[in-house]
Amino acid sequence: MTELDRRSLRVYIVTSAGLVPGRGHRDVATAALEGGATAVQLRAPELADDELEPLAAELAASCREAGALFVVNDRVEVAARVGAGAHVGQGDEPAAARARLGSDGILGISVANVEEALAAAGAGADYLGITVWETRTKPEATPQGIHGLRAVVEATDLPVVAIGGIDAVNAREVVEAGAAGIAVISAVGAAADPVAATRALVEAVGAAGTGER
């Protein structure tokens with residue numbers, strides 16, 4: 001089984017399309033890598049598998065060249081075919097996702113509490129994701145706050161990535177609460193200069209330390 005280097009989760013950019021007119025997933029991923037992101041997640045629910053797979057293969061290659069982790073959101077079969085990791089939610093049968101991905105693929109699972117975190121660890125997760133603050137880009141996610149983040153961090157040895165309402169101003173707070181890294185969508189995808197926005201996040205996380213306990 002591939003061992004995840006928790007440092008690869010420090011600055012984790014989730015792609016988006018349409019937050020800025022004319023800016024697509026490839027543009028966001030390219031800017032993120034140029035700005036020093038350590039991980040990129042391709043989140044493209046609007047694309048069919050036959051559209052998603054060639055894009056995922058291209059971005060997987062770009063991330064390998066940059067030394068960054070690459071993960072596909074939800075679409076585990078696509079992730080497995082292009083040699084990427086996958087990130088799934090509670091409604092995506094996490095245990096089945098591990099079986100489909102195989103033992104070598106990195107698997108992230110979104111959780112909302114300690115119970116889900118422990119179940120995710122048992123299902124073979126390599127890292128966990130938790131929504132800290134409310135975010136318009138994922139309105140379906142329930143924010144757990146800093147206390148919820150700390151509870152999950154303390155409940156498991158798995159690295160935890162914080163997402164939801166995070167930017168360069170508050171990144172330090174979540175890292176100091178124990179998060180291995182921060183994940184953002186609009187803070188980069190909607191930024192006037194996504195390369196500079198990524199660099200600001202890298203600097204903020206660096207100033208906060210590693211997040212290791």
# chains A, B, ... in the order shown; residues from 1 in each chain; ligands from 1
>>> residues_around(residues="A:Ala80", least_positions_apart="5", cutoff="8 Å", atoms="only C-alpha atoms", output="JSON list (two decimals) with N, CA and C atoms, in the first residue's frame")
[["chain", "number", "residue", "atom", "x", "y", "z"],
["A", 85, "GLY", "N", -5.09, 9.35, -7.01],
["A", 85, "GLY", "CA", -5.82, 9.08, -5.79],
["A", 85, "GLY", "C", -7.28, 9.47, -5.98],
["A", 100, "ARG", "N", -12.25, -0.53, -5.03],
["A", 100, "ARG", "CA", -12.16, -0.17, -6.44],
["A", 100, "ARG", "C", -10.84, 0.50, -6.76],
["A", 101, "LEU", "N", -10.33, 1.27, -5.81],
["A", 101, "LEU", "CA", -9.08, 2.01, -6.04],
["A", 101, "LEU", "C", -7.86, 1.10, -5.96],
["A", 102, "GLY", "N", -7.97, 0.06, -5.17],
["A", 102, "GLY", "CA", -6.83, -0.83, -4.97],
["A", 102, "GLY", "C", -5.97, -0.37, -3.82],
["A", 105, "GLY", "N", -3.57, 3.17, -4.39],
["A", 105, "GLY", "CA", -4.10, 4.52, -4.59],
["A", 105, "GLY", "C", -4.36, 5.23, -3.28]]
>>> select_by_dssp(residues="stretch 8-90 of chain A", states="strand (DSSP E or B)", output="ChimeraX atom specification")
/A:11-14,39-42,69-73,85-88
>>> write_last_selection(atoms="C-alpha atoms", output="short mmCIF file (atom, residue, chain, number, x, y, z; two decimals), in the first residue's frame")
data_model
loop_
_atom_site.label_atom_id
_atom_site.label_comp_id
_atom_site.auth_asym_id
_atom_site.auth_seq_id
_atom_site.Cartn_x
_atom_site.Cartn_y
_atom_site.Cartn_z
CA VAL A 11 -1.76 23.27 0.49
CA TYR A 12 -4.48 21.32 -1.31
CA ILE A 13 -6.28 23.08 -4.16
CA VAL A 14 -9.64 21.80 -5.39
CA ALA A 39 -1.91 18.69 -3.84
CA VAL A 40 -4.57 19.17 -6.51
CA GLN A 41 -8.02 17.64 -6.53
CA LEU A 42 -9.99 17.54 -9.77
CA LEU A 69 -0.34 14.74 -5.04
CA PHE A 70 -3.21 14.37 -7.52
CA VAL A 71 -6.68 13.24 -6.49
CA VAL A 72 -9.97 12.86 -8.37
CA ASN A 73 -13.18 13.71 -6.51
CA GLY A 85 -5.82 9.08 -5.79
CA ALA A 86 -9.51 9.55 -5.03
CA HIS A 87 -11.54 11.52 -2.53
CA VAL A 88 -15.04 10.40 -1.57
#
>>> residues_around(residues="A:Ala200", least_positions_apart="3", cutoff="12 Å", atoms="only C-alpha atoms", output="list in words")
Val11, Ala32, Gly35, Gly36, Ala37, Asp167, Ala168, Val169, Asn170, Ala171, Arg172, Ala187, Val188, Ala191, Asp193, Pro194, Val195, Ala196, Ala197, Glu203, Ala204, Val205, Gly206 and Ala207 of chain A
>>> atom_distance(atom1="atom CA of A:Gly129", atom2="atom CA of A:Gly108")
6.9 Å
>>> atom_distance(atom1="atom CA of A:Leu118", atom2="atom CA of A:Ala151")
11.5 Å
>>> residues_around(residues="A:Ala56", least_positions_apart="6", cutoff="10 Å", atoms="only C-alpha atoms", output="number ranges by chain")
A: 25-26, 41-44, 49, 62, 70-72, 78-79, 81-84
>>> write_last_selection(atoms="N, CA and C atoms", output="compact mmCIF listing (two decimals), in the first residue's frame")
# COMPACT_ATOMS: atom_id res chain seq x y z
N HIS A 25 -10.97 23.96 -15.11
CA HIS A 25 -10.22 23.10 -14.20
C HIS A 25 -8.72 23.11 -14.50
N ARG A 26 -8.38 23.02 -15.77
CA ARG A 26 -6.96 22.99 -16.17
C ARG A 26 -6.27 24.28 -15.75
N GLN A 41 -6.87 18.54 -6.35
CA GLN A 41 -8.02 17.64 -6.53
C GLN A 41 -8.85 18.13 -7.70
N LEU A 42 -9.12 17.23 -8.63
CA LEU A 42 -9.99 17.54 -9.77
C LEU A 42 -11.43 17.22 -9.35
N ARG A 43 -12.21 18.28 -9.18
CA ARG A 43 -13.62 18.13 -8.78
C ARG A 43 -14.48 18.68 -9.91
N ALA A 44 -15.00 17.76 -10.73
CA ALA A 44 -15.72 18.18 -11.93
C ALA A 44 -16.99 17.37 -12.11
N ASP A 49 -17.72 10.84 -17.66
CA ASP A 49 -16.46 10.11 -17.51
C ASP A 49 -15.56 10.23 -18.74
N SER A 62 0.87 16.29 -14.96
CA SER A 62 1.40 17.59 -14.52
C SER A 62 1.77 17.57 -13.05
N PHE A 70 -2.04 14.12 -6.67
CA PHE A 70 -3.21 14.37 -7.52
C PHE A 70 -4.32 13.42 -7.14
N VAL A 71 -5.52 13.98 -6.96
CA VAL A 71 -6.68 13.24 -6.49
C VAL A 71 -7.89 13.61 -7.35
N VAL A 72 -8.72 12.62 -7.65
CA VAL A 72 -9.97 12.86 -8.37
C VAL A 72 -11.12 12.75 -7.38
N VAL A 78 -12.35 6.36 -12.57
CA VAL A 78 -11.50 7.24 -13.38
C VAL A 78 -10.15 7.42 -12.70
N ALA A 79 -10.17 7.65 -11.40
CA ALA A 79 -8.93 7.83 -10.66
C ALA A 79 -8.02 6.62 -10.81
N ARG A 81 -7.98 4.42 -13.19
CA ARG A 81 -7.49 4.23 -14.57
C ARG A 81 -6.34 5.18 -14.91
N VAL A 82 -6.30 6.34 -14.29
CA VAL A 82 -5.23 7.29 -14.62
C VAL A 82 -4.11 7.28 -13.58
N GLY A 83 -4.21 6.39 -12.61
CA GLY A 83 -3.16 6.29 -11.61
C GLY A 83 -3.18 7.41 -10.59
N ALA A 84 -4.38 7.91 -10.29
CA ALA A 84 -4.52 9.01 -9.34
C ALA A 84 -5.11 8.50 -8.04
>>> closest_residue(among="A:Asp92, A:Ile109, A:Leu33, A:Asp50", to="A:Glu65", atoms="only C-alpha atoms")
A:Leu33
>>> residues_around(residues="A:Gly209", least_positions_apart="3", cutoff="12 Å", atoms="only C-alpha atoms", output="JSON, numbers by chain")
{"A": [7, 10, 171, 172, 173, 174, 175, 176, 177, 178, 179, 180, 181, 202, 203, 204, 205, 206, 212, 213]}
>>> write_last_selection(atoms="N, CA and C atoms", output="mmCIF file, in the first residue's frame")
data_model
loop_
_atom_site.group_PDB
_atom_site.id
_atom_site.type_symbol
_atom_site.label_atom_id
_atom_site.label_comp_id
_atom_site.auth_asym_id
_atom_site.auth_seq_id
_atom_site.Cartn_x
_atom_site.Cartn_y
_atom_site.Cartn_z
ATOM 1 N N ARG A 7 3.004 15.732 4.341
ATOM 2 C CA ARG A 7 3.410 17.056 3.863
ATOM 3 C C ARG A 7 2.779 17.383 2.514
ATOM 4 N N ARG A 10 -0.365 19.820 2.647
ATOM 5 C CA ARG A 10 -0.260 21.142 3.275
ATOM 6 C C ARG A 10 -1.092 22.208 2.560
ATOM 7 N N ALA A 171 -5.829 30.564 7.611
ATOM 8 C CA ALA A 171 -5.172 29.273 7.438
ATOM 9 C C ALA A 171 -4.384 28.867 8.678
ATOM 10 N N ARG A 172 -3.726 29.838 9.284
ATOM 11 C CA ARG A 172 -2.897 29.528 10.447
ATOM 12 C C ARG A 172 -3.728 28.912 11.572
ATOM 13 N N GLU A 173 -4.945 29.401 11.735
ATOM 14 C CA GLU A 173 -5.789 28.921 12.831
ATOM 15 C C GLU A 173 -6.087 27.424 12.698
ATOM 16 N N VAL A 174 -6.382 26.971 11.469
ATOM 17 C CA VAL A 174 -6.711 25.558 11.312
ATOM 18 C C VAL A 174 -5.468 24.677 11.401
ATOM 19 N N VAL A 175 -4.341 25.164 10.924
ATOM 20 C CA VAL A 175 -3.111 24.377 11.050
ATOM 21 C C VAL A 175 -2.709 24.260 12.515
ATOM 22 N N GLU A 176 -2.842 25.341 13.254
ATOM 23 C CA GLU A 176 -2.501 25.297 14.676
ATOM 24 C C GLU A 176 -3.479 24.437 15.474
ATOM 25 N N ALA A 177 -4.660 24.186 14.907
ATOM 26 C CA ALA A 177 -5.631 23.288 15.549
ATOM 27 C C ALA A 177 -5.316 21.822 15.258
ATOM 28 N N GLY A 178 -4.287 21.578 14.442
ATOM 29 C CA GLY A 178 -3.863 20.210 14.200
ATOM 30 C C GLY A 178 -4.033 19.709 12.782
ATOM 31 N N ALA A 179 -4.609 20.515 11.903
ATOM 32 C CA ALA A 179 -4.786 20.073 10.521
ATOM 33 C C ALA A 179 -3.435 19.878 9.842
ATOM 34 N N ALA A 180 -3.330 18.831 9.058
ATOM 35 C CA ALA A 180 -2.111 18.595 8.283
ATOM 36 C C ALA A 180 -1.996 19.590 7.144
ATOM 37 N N GLY A 181 -3.142 20.120 6.732
ATOM 38 C CA GLY A 181 -3.125 21.082 5.639
ATOM 39 C C GLY A 181 -4.480 21.716 5.440
ATOM 40 N N VAL A 202 0.497 29.136 0.635
ATOM 41 C CA VAL A 202 1.740 28.426 0.962
ATOM 42 C C VAL A 202 2.489 29.151 2.072
ATOM 43 N N GLU A 203 2.567 30.462 1.946
ATOM 44 C CA GLU A 203 3.262 31.266 2.957
ATOM 45 C C GLU A 203 2.550 31.199 4.306
ATOM 46 N N ALA A 204 1.218 31.260 4.282
ATOM 47 C CA ALA A 204 0.445 31.231 5.528
ATOM 48 C C ALA A 204 0.612 29.897 6.246
ATOM 49 N N VAL A 205 0.561 28.798 5.491
ATOM 50 C CA VAL A 205 0.719 27.484 6.100
ATOM 51 C C VAL A 205 2.144 27.302 6.599
ATOM 52 N N GLY A 206 3.104 27.789 5.831
ATOM 53 C CA GLY A 206 4.489 27.706 6.259
ATOM 54 C C GLY A 206 4.732 28.458 7.559
ATOM 55 N N GLU A 212 1.670 19.111 12.648
ATOM 56 C CA GLU A 212 1.869 17.809 13.280
ATOM 57 C C GLU A 212 1.784 17.973 14.789
ATOM 58 N N ARG A 213 1.217 16.906 15.387
ATOM 59 C CA ARG A 213 1.073 16.928 16.846
ATOM 60 C C ARG A 213 2.331 16.403 17.498
#
>>> residues_around(residues="A:Gly164", least_positions_apart="5", cutoff="7 Å", atoms="only C-alpha atoms", output="tab-separated table (two decimals) with N, CA and C atoms, in the first residue's frame")
chain	number	residue	atom	x	y	z
A	131	THR	N	-15.09	19.79	6.93
A	131	THR	CA	-15.50	21.17	6.67
A	131	THR	C	-15.48	21.95	7.97
A	132	VAL	N	-14.71	23.03	8.00
A	132	VAL	CA	-14.57	23.81	9.23
A	132	VAL	C	-15.57	24.95	9.27
A	133	TRP	N	-15.62	25.75	8.20
A	133	TRP	CA	-16.52	26.89	8.16
A	133	TRP	C	-17.43	26.79	6.94
A	134	GLU	N	-18.51	27.53	6.98
A	134	GLU	CA	-19.49	27.53	5.89
A	134	GLU	C	-18.84	28.01	4.60
A	135	THR	N	-19.25	27.40	3.50
A	135	THR	CA	-18.71	27.80	2.21
A	135	THR	C	-19.79	27.72	1.14
A	184	VAL	N	-8.76	24.41	-0.39
A	184	VAL	CA	-9.57	25.57	-0.79
A	184	VAL	C	-10.10	25.37	-2.20
